[in-house]
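Undergrad: My questions will all concern the structure given below.
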Amino acid sequence: MTTILSVAIIVTLLTSAFIVIKGRNVLCKGEIPSSLFAFLAILFTSGLDVGLIMFPLTEFPVYAEEQAYAFTNPLAIEFGFWGGLVWAFYFLTTFYFCVIEPKVKLFEIPAIKIVNNIIVIATCAFTGFLFLSYLPSYVDGISDPMRFGLVAIVVLFAVLSSTDIKYVKVLSIASTWLFLALIAGVMLNADGMGLPELASTLGSIGGYFTNLDQFILPISDYHQFYLFWWFSWSIMIGQFVARFVGGLKTWQLCAALLVIPSIPLALWFSVLYYYHANALEIVDMMKMAMIVVGIIFVINSLDSLIRLYTSNMDLTVERFGKTKYIAGNFIVMYGLILAYQFTPFDIAWVGLLVIALYAVIYVMLFQRQAELKPQPA
């Protein structure tokens with residue numbers, strides 16, 4: 001499994017580099033072109049979930065103690081798991097669905113369409129299941145009725161949001177600003193933390209760039225889980241966000257995806273790392289704010305995936321009406337989330353299925369080379 005993942009990562013990164021070099025001036029424009037900020041907000045909030053908000057403080061001690069991560073500091077490790085080069089996965093699929101898929105229409109082939117929809121639905125439900133599973137670690141003392149009830153509310157809001165495309169921009173932009181406000185709020189509540197301390201802590205992220213080669217292949221089983229998770233999401237997020245690309249050249253799209261989302265991630269992780277390094281407690285008000293923003297991120301993620309599979313399968317509001325659409329998607333998605341409690345489901349399975357789908361697409365594109373001659377902007 002590790003070998004398959006490693007080969008897939010190397011091929012993906014080499015393909016991304018080839019695309020940027022050979023097709024750097026190809027224009028990427030989606031069906032619903034949006035401003036750069038709106039596009040990146042949709043990408044950022046759809047492609048990440050509550051783990052971004054809540055995991056770091058529990059992961060820093062692990063990265064500090066385990067030998068596998070001893071080559072650099074915990075902040076650099078955390079950043080490497082969430083930011084930087086891994087966004088190349090999203091670049092590759094976003095480029096594909098902007099530029100290549102409209103020409104070859106491989107995802108309209110019935111077999112590929114079925115596999116793609118299985119991946120989207122399975123990952124959507126698994127995202128909700130992870131939220132359900134980790135809620136007790138996010139909210140101390142939460143009871144089971146409250147836990148299941150909160151997940152039901154989150155799924156319902158995601159389904160409601162997915163009924164109209166206009167909601168995605170509003171929700172994504174609003175949650176992006178909320179996340180930036182959360183960074184500022186948590187920073188201001190940290191004793192002794194000002195801009196100089198933030199800058200000093202940020203400097204530790206340099207350990208990621210000086211050890212970049214270490215992050216390409218799995219460092220540990222836990223890192224492998226993250227990489228499979230990125231693969232699982234990559235093909236879906238690329239499909240979803242490609243429609244919002246507002247007319248960027250290939251090199252600009254790559255630069256935007258690799259650099260811009262990493263900036264708020266670096267700030268957030270640095271603020272939390274300051275708390276960890278100085279043994280500071282996060283006050284209850286800030287914990288609540290973190291939970292709220294994290295829940296909104298989950299809604300964004302589920303919204304994008306629900307919107308994607310319903311569009312792919314023509315299970316739309318226009319076809320069934322709003323009431324049937326909401327009821328049907330809620331029952332299916334919440335039912336699958338509950339069902340995951342009784343299965344040994346592993347996100348690595350979805351990751352392997354996505355890698356297999358990548359391989360099929362590579363072979364078919366090789367067979368259709370004549371159709372793939374991009375024109376410079």
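Numbering starts fresh at 1 for the residues of each chain in the structure tokens, the chains themselves are lettered A, B, ... in the order given, and ligands are numbered from 1 as they appear.
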Give me the residues within 7 Å of stretch 167-169 of chain A as a ChimeraX atom specification, counting only C-alpha atoms and dropping any in the same chain fewer than 3 places off.
TA: /A:38,42,161,164,172-173
Undergrad: Please identify all polymer residues within 9 Å of stretch 282-285 of chain A, counting only C-alpha atoms, omitting same-chain residues fewer than 4 positions from it, and present them as a VMD selection string.
TA: chain A and resid 186 189 to 190 275 289 to 290
Undergrad: For A:Leu85, please output as a PDB file with N, CA, C and O atoms, in the first residue's frame all residues within 9 Å (counting only C-alpha atoms; exclusion window: fewer than 2 positions along the same chain).
TA:
```pdb
ATOM      1  N   LEU A  13       3.205  14.667  -8.685  1.00  0.00           N
ATOM      2  CA  LEU A  13       4.044  15.866  -8.591  1.00  0.00           C
ATOM      3  C   LEU A  13       4.809  16.120  -9.889  1.00  0.00           C
ATOM      4  O   LEU A  13       4.932  17.271 -10.331  1.00  0.00           O
ATOM      5  N   GLY A  80       3.702  20.788   7.100  1.00  0.00           N
ATOM      6  CA  GLY A  80       3.941  19.868   5.997  1.00  0.00           C
ATOM      7  C   GLY A  80       2.790  18.908   5.753  1.00  0.00           C
ATOM      8  O   GLY A  80       2.576  18.451   4.629  1.00  0.00           O
ATOM      9  N   TRP A  82      -0.381  19.718   6.191  1.00  0.00           N
ATOM     10  CA  TRP A  82      -1.564  20.459   5.745  1.00  0.00           C
ATOM     11  C   TRP A  82      -1.300  21.449   4.613  1.00  0.00           C
ATOM     12  O   TRP A  82      -2.242  21.822   3.904  1.00  0.00           O
ATOM     13  N   GLY A  83      -0.082  21.936   4.492  1.00  0.00           N
ATOM     14  CA  GLY A  83       0.172  23.020   3.553  1.00  0.00           C
ATOM     15  C   GLY A  83       1.269  22.694   2.564  1.00  0.00           C
ATOM     16  O   GLY A  83       1.749  21.564   2.470  1.00  0.00           O
ATOM     17  N   TRP A  87      -0.797  20.788  -1.811  1.00  0.00           N
ATOM     18  CA  TRP A  87      -1.803  21.488  -2.601  1.00  0.00           C
ATOM     19  C   TRP A  87      -1.586  21.291  -4.093  1.00  0.00           C
ATOM     20  O   TRP A  87      -2.456  21.649  -4.900  1.00  0.00           O
ATOM     21  N   ALA A  88      -0.443  20.709  -4.478  1.00  0.00           N
ATOM     22  CA  ALA A  88      -0.221  20.370  -5.886  1.00  0.00           C
ATOM     23  C   ALA A  88      -1.224  19.315  -6.345  1.00  0.00           C
ATOM     24  O   ALA A  88      -1.547  19.237  -7.537  1.00  0.00           O
ATOM     25  N   PHE A  89      -1.730  18.487  -5.403  1.00  0.00           N
ATOM     26  CA  PHE A  89      -2.763  17.516  -5.762  1.00  0.00           C
ATOM     27  C   PHE A  89      -4.001  18.241  -6.282  1.00  0.00           C
ATOM     28  O   PHE A  89      -4.596  17.851  -7.283  1.00  0.00           O
ATOM     29  N   LEU A 212      12.201  19.595   2.653  1.00  0.00           N
ATOM     30  CA  LEU A 212      11.055  19.346   1.773  1.00  0.00           C
ATOM     31  C   LEU A 212      11.040  17.916   1.238  1.00  0.00           C
ATOM     32  O   LEU A 212       9.970  17.305   1.101  1.00  0.00           O
ATOM     33  N   PHE A 215       9.060  15.246   3.122  1.00  0.00           N
ATOM     34  CA  PHE A 215       7.595  15.282   3.170  1.00  0.00           C
ATOM     35  C   PHE A 215       6.943  14.702   1.919  1.00  0.00           C
ATOM     36  O   PHE A 215       5.728  14.562   1.870  1.00  0.00           O
ATOM     37  N   ILE A 216       7.731  14.401   0.898  1.00  0.00           N
ATOM     38  CA  ILE A 216       7.149  13.925  -0.351  1.00  0.00           C
ATOM     39  C   ILE A 216       6.553  12.533  -0.183  1.00  0.00           C
ATOM     40  O   ILE A 216       5.425  12.263  -0.619  1.00  0.00           O
ATOM     41  N   LEU A 258      -0.528  26.777  -4.421  1.00  0.00           N
ATOM     42  CA  LEU A 258       0.560  26.339  -3.553  1.00  0.00           C
ATOM     43  C   LEU A 258       0.935  27.371  -2.491  1.00  0.00           C
ATOM     44  O   LEU A 258       1.368  27.005  -1.402  1.00  0.00           O
TER      45      LEU A 258
END
```
Undergrad: With only C-alpha atoms as the atoms that count, which of A:Thr127, A:Thr2, A:Ser204, A:Thr163 lies nearest to A:Leu75?
TA: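 Ranking A:Thr127, A:Thr2, A:Ser204, A:Thr163 by distance to A:Leu75, first place goes to A:Ser204.
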Undergrad: For each of A:Ala184, A:Leu135, A:Ala277, A:Ala152, take the minimum atom-to-atom distance to A:Asn73, counting only C-alpha atoms, then give the residue where this is smallest.
TA: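 Comparing A:Ala184, A:Leu135, A:Ala277, A:Ala152 against A:Asn73, the winner is A:Ala277.
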Undergrad: With only C-alpha atoms as the atoms that count, which of A:Val99, A:Ile153, A:Val259, A:Ile337 lies nearest to A:Asn25?
TA: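 Checking each candidate against A:Asn25, we get A:Val99 as the closest.
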Undergrad: Give me, as a list in words, all polymer residues having an atom no more than 7 Å from stretch 14-24 of chain A, counting only C-alpha atoms and skipping those fewer than 6 positions away in the same chain.
TA: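 That gives Ala88, Leu92, Lys249, Thr250 and Trp251 of chain A.
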Undergrad: Those same residues - N, CA, C and O atoms - I'd like them written as a short mmCIF file (atom, residue, chain, number, x, y, z; two decimals), in the first residue's frame.
TA:
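Once written, selection.cif looks like this:
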```
data_model
loop_
_atom_site.label_atom_id
_atom_site.label_comp_id
_atom_site.auth_asym_id
_atom_site.auth_seq_id
_atom_site.Cartn_x
_atom_site.Cartn_y
_atom_site.Cartn_z
N ALA A 88 -0.44 20.71 -4.48
CA ALA A 88 -0.22 20.37 -5.89
C ALA A 88 -1.22 19.31 -6.34
O ALA A 88 -1.55 19.24 -7.54
N LEU A 92 -3.39 19.87 -9.80
CA LEU A 92 -3.46 18.94 -10.93
C LEU A 92 -4.91 18.67 -11.34
O LEU A 92 -5.26 18.73 -12.52
N LYS A 249 -3.75 31.96 -15.90
CA LYS A 249 -2.82 31.12 -16.64
C LYS A 249 -2.37 29.97 -15.73
O LYS A 249 -2.45 30.07 -14.50
N THR A 250 -1.89 28.93 -16.35
CA THR A 250 -1.54 27.72 -15.58
C THR A 250 -0.57 28.02 -14.46
O THR A 250 -0.75 27.57 -13.32
N TRP A 251 0.49 28.78 -14.76
CA TRP A 251 1.49 29.06 -13.72
C TRP A 251 0.89 29.89 -12.60
O TRP A 251 1.26 29.73 -11.43
#
```
